[in-house]
Amino acid sequence: MTRDHQTSCLPDANVILFSQAFSPRAAAAHFKSLRKNLDWQEATISIFGREIKSPRLSVWYGDAAYTYSGLTWPARPWPEAVSKIKAEVEVLADTTFNGVLANLYRDGRDSMGWHADDEPELGPDPVIASVVFGANRRFVFRRKNDPAEKVEMPLGDGDVLIMGQGAQAYWQHAVPKTTKPAGERINLTFRRIM
């Protein structure tokens, strides 16, 4: 794992990108293991009062339950493959995590809409570590009080993005759909449930 990094130019937020924190070889091995061994599910979520199928596959592992968009994931034991990644990411983030939401984007039609990871059980100013294995996709921030202000940060294979102080309070983020050919992408978002 490498610690080469750049700090993003995201005003009012401590956001650090560790480009290719996992080597291409390690990232490929993690992708293969996670794709095969995690219990991927198509969840039903509530958006603006409507029940819809989530536009990606997901699974939660952690020491406590986690609720978002009207969906509660129960506590679930950590798979060994995820525990190893968690230990490395905790060093980069300089914090500990007790849960991970894993998302599998099957192609460019799979996406993540605008949101902030600001659920009450994450505390007032959570640290979220986002790890990517697989295809590169656009990752976009927009300011909560001025949605026209956007910052794009492409994330690719082996990248680790640490969203710290201010990131959830002042910004939303999304992984938009794309019509360009896009391979599978696994994203692990480590967090701490209070």
# chains A, B, ... in the order shown; residues from 1 in each chain; ligands from 1

call {"tool": "residues_around", "arguments": {"residues": "stretch 86-97 of chain A", "least_positions_apart": "6", "cutoff": "12 Å", "atoms": "only C-alpha atoms", "output": "PyMOL selection string"}}
result
chain A and resi 1-5+14-19+21-22+30+61-64+78-80+122+126-132+158-165+188-194

call {"tool": "select_by_dssp", "arguments": {"residues": "stretch 12-186 of chain A", "states": "alpha helix (DSSP H)", "output": "PyMOL selection string"}}
result
chain A and resi 24-37+80-93+167-170

call {"tool": "atom_distance", "arguments": {"atom1": "atom CA of A:Arg56", "atom2": "atom CA of A:Glu42"}}
result
6.8 Å

call {"tool": "atom_distance", "arguments": {"atom1": "atom CA of A:Leu38", "atom2": "atom CA of A:Asp110"}}
result
18.0 Å

call {"tool": "closest_residue", "arguments": {"among": "A:Arg137, A:Arg76, A:Arg109, A:Arg25", "to": "A:Ile186", "atoms": "only C-alpha atoms"}}
result
A:Arg137

call {"tool": "select_by_dssp", "arguments": {"residues": "stretch 94-190 of chain A", "states": "strand (DSSP E or B)", "output": "number ranges by chain"}}
result
A: 99-105, 112-115, 128-134, 137, 140-143, 146-152, 155, 160-163, 171-175, 185-190

call {"tool": "decode", "arguments": {"residues": "stretch 149-181 of chain A", "atoms": "N, CA and C atoms", "output": "compact mmCIF listing (two decimals), in the first residue's frame"}}
result
# COMPACT_ATOMS: atom_id res chain seq x y z
N GLU A 149 -22.22 24.75 -7.38
CA GLU A 149 -20.78 24.60 -7.12
C GLU A 149 -20.45 23.12 -7.00
N LYS A 150 -19.71 22.63 -8.00
CA LYS A 150 -19.37 21.20 -8.05
C LYS A 150 -17.87 21.01 -8.19
N VAL A 151 -17.40 19.90 -7.64
CA VAL A 151 -16.00 19.51 -7.79
C VAL A 151 -15.99 18.04 -8.20
N GLU A 152 -15.37 17.76 -9.34
CA GLU A 152 -15.32 16.39 -9.83
C GLU A 152 -13.98 15.76 -9.47
N MET A 153 -14.05 14.51 -9.03
CA MET A 153 -12.85 13.80 -8.62
C MET A 153 -12.96 12.36 -9.15
N PRO A 154 -12.41 12.07 -10.35
CA PRO A 154 -12.49 10.70 -10.85
C PRO A 154 -11.77 9.75 -9.89
N LEU A 155 -12.43 8.62 -9.60
CA LEU A 155 -11.83 7.63 -8.71
C LEU A 155 -11.64 6.34 -9.50
N GLY A 156 -10.46 5.73 -9.31
CA GLY A 156 -10.14 4.53 -10.06
C GLY A 156 -9.63 3.41 -9.19
N ASP A 157 -9.21 2.37 -9.85
CA ASP A 157 -8.78 1.13 -9.24
C ASP A 157 -7.68 1.36 -8.19
N GLY A 158 -7.96 0.95 -6.96
CA GLY A 158 -6.97 1.05 -5.89
C GLY A 158 -6.95 2.37 -5.15
N ASP A 159 -7.80 3.33 -5.54
CA ASP A 159 -7.83 4.64 -4.87
C ASP A 159 -8.54 4.55 -3.53
N VAL A 160 -8.09 5.38 -2.58
CA VAL A 160 -8.75 5.52 -1.29
C VAL A 160 -9.02 7.01 -1.06
N LEU A 161 -10.28 7.36 -0.86
CA LEU A 161 -10.68 8.74 -0.60
C LEU A 161 -11.14 8.84 0.85
N ILE A 162 -10.47 9.68 1.63
CA ILE A 162 -10.86 9.91 3.03
C ILE A 162 -11.65 11.21 3.09
N MET A 163 -12.92 11.10 3.47
CA MET A 163 -13.77 12.29 3.63
C MET A 163 -13.87 12.57 5.12
N GLY A 164 -13.21 13.63 5.56
CA GLY A 164 -13.17 13.96 6.98
C GLY A 164 -14.00 15.17 7.33
N GLN A 165 -13.47 15.94 8.25
CA GLN A 165 -14.19 17.08 8.82
C GLN A 165 -14.79 17.98 7.74
N GLY A 166 -16.08 18.24 7.85
CA GLY A 166 -16.77 19.16 6.96
C GLY A 166 -17.33 18.53 5.69
N ALA A 167 -16.84 17.37 5.30
CA ALA A 167 -17.25 16.79 4.01
C ALA A 167 -18.74 16.48 3.96
N GLN A 168 -19.27 15.92 5.04
CA GLN A 168 -20.70 15.56 5.04
C GLN A 168 -21.57 16.74 5.45
N ALA A 169 -21.02 17.65 6.24
CA ALA A 169 -21.79 18.81 6.71
C ALA A 169 -22.06 19.81 5.60
N TYR A 170 -21.09 20.02 4.69
CA TYR A 170 -21.20 21.08 3.70
C TYR A 170 -21.37 20.59 2.26
N TRP A 171 -21.17 19.29 2.02
CA TRP A 171 -21.16 18.78 0.66
C TRP A 171 -22.01 17.51 0.53
N GLN A 172 -22.53 17.30 -0.66
CA GLN A 172 -23.12 16.02 -1.05
C GLN A 172 -22.19 15.40 -2.09
N HIS A 173 -22.36 14.11 -2.34
CA HIS A 173 -21.55 13.46 -3.37
C HIS A 173 -22.39 12.44 -4.12
N ALA A 174 -21.92 12.06 -5.31
CA ALA A 174 -22.67 11.15 -6.18
C ALA A 174 -21.72 10.43 -7.12
N VAL A 175 -22.17 9.28 -7.61
CA VAL A 175 -21.53 8.57 -8.71
C VAL A 175 -22.58 8.54 -9.83
N PRO A 176 -22.48 9.47 -10.79
CA PRO A 176 -23.52 9.57 -11.82
C PRO A 176 -23.51 8.40 -12.80
N LYS A 177 -24.67 8.17 -13.42
CA LYS A 177 -24.76 7.21 -14.52
C LYS A 177 -23.88 7.71 -15.66
N THR A 178 -23.47 6.79 -16.53
CA THR A 178 -22.71 7.17 -17.71
C THR A 178 -23.14 6.30 -18.88
N THR A 179 -23.14 6.90 -20.09
CA THR A 179 -23.44 6.14 -21.29
C THR A 179 -22.16 5.55 -21.89
N LYS A 180 -21.01 5.97 -21.38
CA LYS A 180 -19.74 5.43 -21.85
C LYS A 180 -19.59 4.00 -21.32
N PRO A 181 -18.91 3.14 -22.07
CA PRO A 181 -18.69 1.78 -21.57
C PRO A 181 -17.98 1.82 -20.22
